[in-house]
$ cat data.txt   # compact mmCIF, C-alpha atoms
# COMPACT_ATOMS: atom_id res chain seq x y z
CA MET A 240 -35.01 -8.02 17.63
CA THR A 241 -32.67 -10.96 18.27
CA ASP A 242 -34.18 -14.45 18.36
CA THR A 243 -33.51 -15.95 21.82
CA ASN A 244 -33.56 -19.47 20.34
CA LEU A 245 -30.41 -18.83 18.33
CA THR A 246 -27.22 -20.70 19.23
CA LYS A 247 -24.28 -18.64 20.47
CA THR A 248 -22.57 -18.74 17.06
CA GLU A 249 -25.78 -17.75 15.30
CA LEU A 250 -26.29 -15.00 17.86
CA LEU A 251 -22.83 -13.56 17.22
CA SER A 252 -23.55 -13.51 13.49
CA ASP A 253 -27.00 -11.99 13.93
CA VAL A 254 -26.05 -9.19 16.30
CA LEU A 255 -22.99 -8.23 14.24
CA LEU A 256 -24.98 -7.93 11.02
CA ASN A 257 -27.66 -5.89 12.83
CA TRP A 258 -24.92 -3.61 14.18
CA TYR A 259 -23.42 -3.29 10.70
CA ASP A 260 -26.74 -2.31 9.16
CA ARG A 261 -26.93 0.60 11.59
CA ASN A 262 -23.29 1.64 11.73
CA ARG A 263 -21.50 0.67 8.53
CA ARG A 264 -19.01 3.08 7.03
CA ILE A 265 -20.14 4.71 3.80
CA LEU A 266 -17.30 4.07 1.34
CA PRO A 267 -17.36 4.62 -2.44
CA TRP A 268 -16.41 1.04 -3.32
CA ARG A 269 -19.22 -0.24 -1.07
CA GLU A 270 -21.81 1.91 -2.79
CA ASP A 271 -20.89 0.46 -6.19
CA PRO A 272 -19.33 -2.93 -5.34
CA SER A 273 -18.41 -4.23 -8.78
CA PRO A 274 -15.56 -6.78 -8.77
CA TYR A 275 -13.14 -4.24 -10.27
CA HIS A 276 -14.02 -1.58 -7.71
CA VAL A 277 -13.72 -3.96 -4.76
CA TRP A 278 -10.45 -5.38 -6.08
CA LEU A 279 -8.93 -1.92 -6.64
CA SER A 280 -10.00 -0.69 -3.20
CA GLU A 281 -8.64 -3.78 -1.42
CA ILE A 282 -5.25 -3.45 -3.13
CA MET A 283 -5.10 0.28 -2.30
CA LEU A 284 -6.10 -0.34 1.32
CA GLN A 285 -3.23 -2.74 1.97
CA GLN A 286 -0.98 -0.91 4.47
CA THR A 287 -2.86 2.35 3.81
CA ARG A 288 -5.59 4.17 5.76
CA VAL A 289 -9.10 4.48 4.33
CA GLU A 290 -9.08 8.28 4.31
CA ALA A 291 -5.79 8.34 2.38
CA VAL A 292 -7.25 6.04 -0.28
CA ARG A 293 -10.47 7.90 -1.20
CA ASP A 294 -8.95 10.48 -3.56
CA TYR A 295 -6.54 8.00 -5.15
CA TYR A 296 -9.42 5.59 -5.76
CA ALA A 297 -11.49 8.25 -7.53
CA ARG A 298 -8.54 9.49 -9.60
CA PHE A 299 -7.51 5.99 -10.64
CA LEU A 300 -11.03 5.05 -11.76
CA GLU A 301 -11.43 8.31 -13.66
CA ALA A 302 -8.31 7.51 -15.68
CA LEU A 303 -8.80 3.72 -15.89
CA PRO A 304 -12.51 2.98 -15.41
CA THR A 305 -12.46 -0.70 -16.41
CA ILE A 306 -10.28 -3.79 -16.18
CA GLU A 307 -9.78 -3.56 -19.94
CA ALA A 308 -8.56 0.05 -19.66
CA LEU A 309 -6.15 -0.96 -16.89
CA ALA A 310 -4.81 -3.87 -18.94
CA LYS A 311 -4.15 -1.62 -21.94
CA ALA A 312 -2.56 1.19 -19.89
CA ASP A 313 1.16 1.91 -19.91
CA GLU A 314 2.80 0.86 -16.64
CA ASP A 315 4.25 4.36 -16.17
CA LEU A 316 0.70 5.79 -16.17
CA CYS A 317 -0.33 3.26 -13.53
CA THR A 318 2.58 4.13 -11.25
CA LYS A 319 1.98 7.86 -11.78
CA LEU A 320 -1.64 7.45 -10.69
CA TRP A 321 -0.35 5.51 -7.68
CA GLN A 322 2.29 8.08 -6.75
CA GLY A 323 2.12 8.82 -3.02
CA LEU A 324 0.43 5.56 -2.00
CA GLY A 325 3.73 3.69 -1.74
CA TYR A 326 4.39 -0.05 -1.99
CA TYR A 327 4.45 0.25 -5.78
CA SER A 328 4.62 -3.50 -6.33
CA ARG A 329 0.88 -3.41 -5.60
CA VAL A 330 0.07 -1.37 -8.71
CA ARG A 331 2.46 -3.33 -10.92
CA ASN A 332 0.73 -6.54 -9.85
CA LEU A 333 -2.66 -4.87 -10.37
CA HIS A 334 -1.68 -4.12 -13.95
CA LYS A 335 -0.32 -7.65 -14.52
CA ALA A 336 -3.49 -9.18 -13.11
CA ALA A 337 -5.67 -7.03 -15.40
CA VAL A 338 -3.75 -8.40 -18.38
CA GLN A 339 -4.26 -11.94 -17.01
CA ILE A 340 -8.00 -11.34 -16.66
CA MET A 341 -8.28 -10.10 -20.24
CA GLU A 342 -6.15 -12.90 -21.70
CA GLU A 343 -7.16 -15.88 -19.53
CA TYR A 344 -10.68 -15.06 -18.30
CA GLY A 345 -12.21 -13.16 -21.21
CA GLY A 346 -12.23 -9.89 -19.29
CA ASP A 347 -14.36 -11.17 -16.41
CA MET A 348 -13.05 -11.34 -12.85
CA PRO A 349 -12.83 -14.92 -11.54
CA GLN A 350 -15.59 -15.60 -9.02
CA SER A 351 -14.01 -18.00 -6.53
CA SER A 352 -11.33 -17.23 -3.95
CA ARG A 353 -9.30 -20.19 -5.21
CA GLU A 354 -9.31 -18.90 -8.79
CA LEU A 355 -8.71 -15.29 -7.74
CA GLN A 356 -5.45 -16.32 -6.06
CA LYS A 357 -4.06 -17.27 -9.46
CA LEU A 358 -3.91 -13.56 -10.32
CA SER A 359 -0.79 -11.49 -9.67
CA GLY A 360 -0.83 -9.73 -6.32
CA ILE A 361 -3.96 -11.42 -4.96
CA GLY A 362 -3.38 -13.44 -1.81
CA PRO A 363 -5.80 -15.29 0.49
CA TYR A 364 -7.16 -12.16 2.20
CA THR A 365 -7.84 -10.15 -0.97
CA ALA A 366 -9.29 -13.19 -2.72
CA ALA A 367 -11.63 -13.85 0.20
CA ALA A 368 -12.73 -10.21 0.34
CA ILE A 369 -13.55 -10.06 -3.39
CA ALA A 370 -15.20 -13.50 -3.48
CA SER A 371 -17.40 -12.81 -0.46
CA ILE A 372 -18.36 -9.21 -1.25
CA CYS A 373 -18.96 -9.65 -4.97
CA PHE A 374 -19.97 -13.30 -5.26
CA ASP A 375 -21.24 -14.17 -1.75
CA GLU A 376 -18.68 -16.92 -1.17
CA ARG A 377 -18.72 -18.09 2.44
CA ILE A 378 -15.09 -17.42 3.42
CA PRO A 379 -13.56 -15.20 6.13
CA ALA A 380 -11.19 -12.46 4.92
CA ILE A 381 -8.53 -12.72 7.63
CA ASP A 382 -6.54 -9.50 8.02
CA GLY A 383 -5.09 -7.56 10.93
CA ASN A 384 -8.49 -6.32 12.03
CA LEU A 385 -9.98 -9.80 12.17
CA LEU A 386 -6.92 -11.24 13.92
CA ARG A 387 -7.14 -8.55 16.61
CA VAL A 388 -10.87 -9.12 17.16
CA PHE A 389 -10.28 -12.87 17.34
CA ALA A 390 -7.45 -12.53 19.89
CA ARG A 391 -9.53 -10.33 22.18
CA MET A 392 -12.74 -12.32 21.79
CA THR A 393 -11.04 -15.61 22.68
CA GLY A 394 -8.13 -14.43 24.86
CA TYR A 395 -5.61 -15.86 22.39
CA ASP A 396 -2.24 -14.98 23.96
CA LYS A 397 0.32 -16.35 21.49
CA ASP A 398 2.02 -14.68 18.51
CA ILE A 399 -0.90 -13.41 16.43
CA LYS A 400 1.15 -13.39 13.22
CA SER A 401 2.00 -17.07 13.33
CA ASN A 402 0.40 -19.61 11.02
CA THR A 403 -1.04 -21.34 14.08
CA ALA A 404 -2.83 -18.14 15.10
CA LYS A 405 -4.22 -17.63 11.60
CA ALA A 406 -5.53 -21.19 11.54
CA ALA A 407 -7.19 -20.69 14.94
CA ALA A 408 -8.74 -17.43 13.76
CA LEU A 409 -10.02 -19.10 10.61
CA ALA A 410 -11.68 -21.82 12.69
CA PHE A 411 -13.27 -19.23 15.01
CA TYR A 412 -14.72 -17.20 12.15
CA ASP A 413 -15.81 -20.25 10.20
CA ALA A 414 -17.94 -21.25 13.19
CA VAL A 415 -19.75 -17.89 13.37
CA PHE A 416 -19.91 -17.15 9.64
CA PRO A 417 -23.47 -16.95 8.24
CA GLN A 418 -24.69 -18.83 5.17
CA THR A 419 -25.85 -15.63 3.47
CA ARG A 420 -24.72 -11.98 3.41
CA CYS A 421 -21.13 -13.25 3.43
CA GLY A 422 -19.70 -10.03 2.04
CA ASP A 423 -21.59 -7.93 4.57
CA PHE A 424 -20.32 -10.13 7.38
CA ASN A 425 -16.70 -9.71 6.32
CA GLN A 426 -17.19 -5.96 5.99
CA ALA A 427 -18.88 -5.87 9.39
CA LEU A 428 -15.82 -7.54 10.90
CA MET A 429 -13.56 -5.06 9.10
CA ASP A 430 -15.56 -2.14 10.50
CA LEU A 431 -15.63 -3.68 13.97
CA GLY A 432 -11.83 -3.84 13.99
CA ALA A 433 -11.31 -0.46 12.36
CA THR A 434 -13.78 1.61 14.40
CA VAL A 435 -14.47 -0.25 17.67
CA CYS A 436 -11.82 -2.84 18.55
CA LEU A 437 -9.03 -0.39 17.81
CA PRO A 438 -5.36 -1.28 17.26
CA ASN A 439 -4.07 1.78 19.09
CA GLY A 440 -5.70 3.09 22.23
CA ALA A 441 -8.58 1.72 24.23
CA PRO A 442 -11.29 -0.18 22.32
CA HIS A 443 -14.82 1.25 22.39
CA CYS A 444 -16.29 -1.70 24.25
CA GLU A 445 -19.45 0.25 25.06
CA SER A 446 -20.23 0.31 21.31
CA CYS A 447 -19.25 -3.29 20.55
CA PRO A 448 -22.04 -5.72 19.59
CA TRP A 449 -19.88 -8.60 20.83
CA ALA A 450 -18.81 -7.03 24.14
CA GLU A 451 -20.72 -9.43 26.41
CA HIS A 452 -18.99 -12.40 24.78
CA CYS A 453 -15.48 -10.91 24.78
CA ARG A 454 -12.79 -12.56 26.89
CA ALA A 455 -10.48 -9.52 26.85
CA LYS A 456 -13.25 -7.27 28.15
CA ALA A 457 -14.19 -9.72 30.88
CA ASP A 458 -10.56 -10.20 31.94
CA GLU A 459 -9.52 -6.57 31.26
CA THR A 460 -6.65 -7.77 29.09
CA TRP A 461 -7.23 -5.75 25.91
CA GLN A 462 -3.88 -3.96 26.39
CA GLN A 463 -2.02 -7.29 26.21
CA LEU A 464 -3.91 -8.60 23.16
CA PRO A 465 -3.14 -9.39 20.46
CA VAL A 466 0.41 -10.54 21.19
CA ILE A 467 2.77 -9.07 18.58
CA LEU A 468 6.43 -10.01 18.73
CA PRO A 469 9.01 -7.20 18.36
CA LYS A 470 10.09 -6.43 14.81
CA ALA A 471 13.67 -6.92 13.71
CA LYS A 472 15.73 -3.75 13.91
CA ARG A 473 15.82 -1.82 10.64
CA THR A 474 19.12 -1.33 8.85
CA ILE A 475 20.21 2.24 8.12
CA GLU A 476 21.53 3.33 4.71
CA HIS A 477 23.07 6.75 4.05
CA LYS A 478 22.54 8.40 0.67
CA THR A 479 23.40 11.68 -1.06
CA ILE A 480 20.59 12.91 -3.33
CA PHE A 481 21.08 15.30 -6.27
CA LEU A 482 18.64 17.60 -8.03
CA ILE A 483 20.67 18.29 -11.18
CA TYR A 484 19.38 20.97 -13.57
CA TYR A 485 20.71 21.14 -17.12
CA GLN A 486 19.33 23.18 -20.02
CA GLY A 487 15.90 23.61 -18.44
CA LYS A 488 15.44 19.99 -17.42
CA LEU A 489 16.03 17.81 -14.36
CA ALA A 490 18.13 14.64 -14.32
CA LEU A 491 16.38 11.38 -13.43
CA ARG A 492 17.12 7.68 -13.65
CA ARG A 493 15.02 4.56 -13.38
CA ARG A 494 15.60 2.12 -10.55
CA PRO A 495 16.26 -1.58 -11.30
CA ASP A 496 13.29 -3.80 -12.15
CA LYS A 497 13.72 -5.81 -8.95
CA GLY A 498 14.18 -4.82 -5.33
CA LEU A 499 13.14 -1.78 -3.33
CA LEU A 500 11.03 0.74 -5.31
CA ALA A 501 11.57 -1.44 -8.39
CA GLY A 502 11.05 0.23 -11.75
CA LEU A 503 10.30 3.69 -10.33
CA TYR A 504 12.14 6.90 -11.10
CA GLU A 505 14.56 8.64 -8.77
CA TYR A 506 16.96 11.54 -8.59
CA PRO A 507 20.62 10.62 -9.12
CA ASN A 508 22.12 9.57 -5.79
CA ALA A 509 25.28 8.19 -4.29
CA GLU A 510 25.79 5.74 -1.48
CA GLY A 511 27.02 7.37 1.72
CA THR A 512 27.06 11.01 2.78
CA LEU A 513 29.28 13.00 0.45
CA ARG A 514 31.03 16.10 1.75
CA ALA A 515 30.81 19.32 -0.26
CA SER A 516 34.40 18.78 -1.41
CA GLU A 517 33.46 15.39 -2.88
CA LEU A 518 30.52 16.56 -4.99
CA SER A 519 32.45 17.59 -8.10
CA GLU A 520 34.22 14.24 -8.34
CA TYR A 521 30.95 12.30 -8.14
CA LEU A 522 29.21 14.57 -10.64
CA ARG A 523 32.04 13.98 -13.11
CA THR A 524 31.25 10.25 -12.99
CA LEU A 525 27.78 11.20 -14.25
CA GLY A 526 29.20 13.43 -16.97
CA PHE A 527 28.13 16.71 -15.36
CA SER A 528 30.13 19.82 -14.54
CA ALA A 529 28.57 22.04 -11.86
CA ILE A 530 28.61 25.82 -11.84
CA GLN A 531 26.47 26.19 -8.72
CA THR A 532 25.69 23.98 -5.72
CA ARG A 533 23.30 24.48 -2.81
CA SER A 534 22.52 22.31 0.18
CA LEU A 535 18.95 20.96 0.37
CA GLY A 536 19.31 19.65 3.91
CA THR A 537 18.75 16.22 5.36
CA ALA A 538 15.77 13.85 5.24
CA LYS A 539 14.81 10.43 6.55
CA HIS A 540 12.47 7.83 5.11
CA ILE A 541 11.43 4.64 6.87
CA PHE A 542 10.70 1.46 4.94
CA THR A 543 9.57 -1.80 6.51
CA HIS A 544 13.05 -3.22 7.01
CA LYS A 545 15.37 -0.26 6.46
CA GLU A 546 15.79 3.49 6.82
CA TRP A 547 17.29 5.94 4.37
CA HIS A 548 19.17 8.85 5.93
CA MET A 549 19.63 11.34 3.11
CA THR A 550 21.55 14.52 2.41
CA GLY A 551 20.43 16.56 -0.59
CA TRP A 552 22.19 18.92 -3.00
CA GLU A 553 20.90 21.20 -5.74
CA ILE A 554 23.21 21.27 -8.75
CA LEU A 555 23.09 23.73 -11.64
CA ALA A 556 25.16 22.22 -14.45
CA ASP A 557 26.61 23.86 -17.54
CA GLU A 558 28.00 20.73 -19.15
CA TRP A 559 26.97 17.12 -19.66
CA GLU A 560 29.68 15.13 -21.37
CA GLU A 561 28.75 12.40 -23.81
CA PHE A 562 29.25 8.90 -22.44
CA SER A 563 32.47 7.30 -23.70
CA PRO A 564 34.20 3.94 -23.06
CA GLY A 565 36.20 3.81 -19.89
CA LYS A 566 33.96 6.16 -17.92
CA PRO A 567 31.61 4.88 -15.19
CA ARG A 568 28.10 4.18 -16.45
CA ARG A 569 25.46 6.78 -15.71
CA HIS A 570 22.77 4.29 -14.67
CA GLU A 571 20.42 5.20 -17.53
CA LEU A 572 20.44 8.90 -16.61
CA PHE A 573 18.08 11.10 -18.66
CA LEU A 574 16.59 14.59 -18.55
CA ALA A 575 12.92 15.34 -17.79
CA SER A 576 10.92 18.49 -18.46
CA ALA A 577 8.56 20.15 -15.98
CA ALA A 578 5.55 18.66 -17.81
CA GLU A 579 7.04 15.16 -17.68
CA LEU A 580 7.78 15.48 -13.98
CA GLN A 581 4.16 16.47 -13.44
CA ASP A 582 2.40 13.96 -15.67
CA VAL A 583 4.68 11.05 -16.58
CA TYR A 584 7.39 10.06 -14.14
CA SER A 585 6.48 8.69 -10.72
CA ILE A 586 8.90 9.78 -7.99
CA PRO A 587 8.49 7.79 -4.73
CA SER A 588 7.53 9.60 -1.53
CA ALA A 589 10.89 8.57 -0.09
CA PHE A 590 12.23 11.62 -1.94
CA ALA A 591 9.34 13.91 -0.94
CA LYS A 592 11.48 16.52 0.84
CA TYR A 593 13.56 17.03 -2.29
CA THR A 594 10.62 16.86 -4.69
CA LYS A 595 9.11 19.80 -2.80
CA GLN A 596 12.30 21.78 -3.39
CA ILE A 597 12.37 21.42 -7.19
CA ARG A 598 12.96 24.87 -8.71
CA THR A 599 10.31 25.40 -11.39
CA ASP A 600 12.15 28.58 -12.45
CA TYR A 601 15.05 26.35 -13.55
CA LEU A 602 12.77 24.23 -15.77
CA ASP A 603 11.34 24.89 -19.20
$ encode --input "data.txt" --output "structure tokens"
Amino acid sequence: MTDTNLTKTELLSDVLLNWYDRNRRILPWREDPSPYHVWLSEIMLQQTRVEAVRDYYARFLEALPTIEALAKADEDLCTKLWQGLGYYSRVRNLHKAAVQIMEEYGGDMPQSSRELQKLSGIGPYTAAAIASICFDERIPAIDGNLLRVFARMTGYDKDIKSNTAKAAALAFYDAVFPQTRCGDFNQALMDLGATVCLPNGAPHCESCPWAEHCRAKADETWQQLPVILPKAKRTIEHKTIFLIYYQGKLALRRRPDKGLLAGLYEYPNAEGTLRASELSEYLRTLGFSAIQTRSLGTAKHIFTHKEWHMTGWEILADEWEEFSPGKPRRHELFLASAAELQDVYSIPSAFAKYTKQIRTDYLD
């Protein structure tokens, strides 16, 4: 029962925690909230839905159950375990931060949000989430869910992604934040945004513990809030993708260490959309001679700021010339077996349509 002598800010805190106790989502990292588990889950959940993360979380922990195991792991194993989650810089930073923790903190996760932000890949939100959930630091973990709740609660009608909006949200949450159960309060806010004050579609105001204090509900303005400015138009890049089979193996190459999909593996590809008559000439620049070609159709993949429009070709080669001076470089081309494709090399989901068309009968 809520104490009627509470101030409004105390009331908001009290009713939200009571709601959370009755309605919280049961998630594996919440049931065993060690710093490593919370950290891993928060990195995985960036730009990824909860349901998509569950299996990856379990698989990753089975292979790398501790920070020490993660620090000692080969980066290719980390990216292979991450394959399908996307935004691979997250797992590379996770690995770098594990090494930092072992070398600079004696294997123990730093306990303050300020110290946590010194680790690779940990920004203000992730640091606040870990520090509050694992170490009860009193600090709001401001993410998209909390910004949306703030905008609707207060009627904030300016660009929600601006620094001014984030500062206003921080002040709002600091005023209602309790002195104890800090991690629970942040997780309650996360659940409120994820399950009640929805980003798409009508919010479930009838289930909201804060409904009677909500400006957007009172003014019927939830459809206009939060204010999100239009994104810049994505650029379009055309590519021709090759699945090249040679002596029971498939040709791969590693992408550059910086930039889009940095350090991951890909199928050989050419800029632009090559016509069938142009395939042989391009393949010769890679050192291959084709005896059979087959169209694999078109595919599209959308990144944050660009789109790839792809055309795919299956190539069965009977020759792979040795590299010699004067010929175009092959961009570190190498051949991978079926077992290596399965267990070692991480192919981004951007190439998913062509990965699904790999011919296992062509591989040893």
$ residues_around --input "data.txt" --residues "A:Pro438" --least-positions-apart "3" --cutoff "12 Å" --atoms "all atoms listed in the file" --output "ChimeraX atom specification"
/A:383-388,390-391,431-435,441-443,461-467
$ closest_atom_pairs --input "data.txt" --of "stretch 331-448 of chain A" --to "stretch 276-283 of chain A" --cutoff "8 Å" --atoms "all atoms listed in the file" --output "tab-separated table"
residue	atom	partner	partner_atom	distance
A:Leu333	CA	A:Ile282	CA	7.8
A:Thr365	CA	A:Glu281	CA	6.4
A:Ala368	CA	A:Glu281	CA	7.8
A:Ile369	CA	A:Trp278	CA	6.2
A:Ile372	CA	A:Val277	CA	7.8
A:Cys373	CA	A:Val277	CA	7.7
$ closest_atom_pairs --input "data.txt" --of "stretch 422-441 of chain A" --to "stretch 248-253 of chain A" --cutoff "12 Å" --atoms "all atoms listed in the file" --output "Markdown table"
| residue | atom | partner | partner_atom | distance |
| --- | --- | --- | --- | --- |
| A:Asp423 | CA | A:Ser252 | CA | 10.7 |
| A:Phe424 | CA | A:Ser252 | CA | 7.7 |
| A:Asn425 | CA | A:Ser252 | CA | 10.6 |
| A:Ala427 | CA | A:Ser252 | CA | 9.8 |
| A:Leu428 | CA | A:Ser252 | CA | 10.1 |
$ residues_near_point --input "data.txt" --point "(-6.8, 14.1, -3.6)" --cutoff "12 Å" --atoms "all atoms listed in the file" --output "number ranges by chain"
A: 290-299, 320-324
$ atom_distance --input "data.txt" --atom1 "atom CA of A:Gln356" --atom2 "atom CA of A:Thr305"
20.0 Å
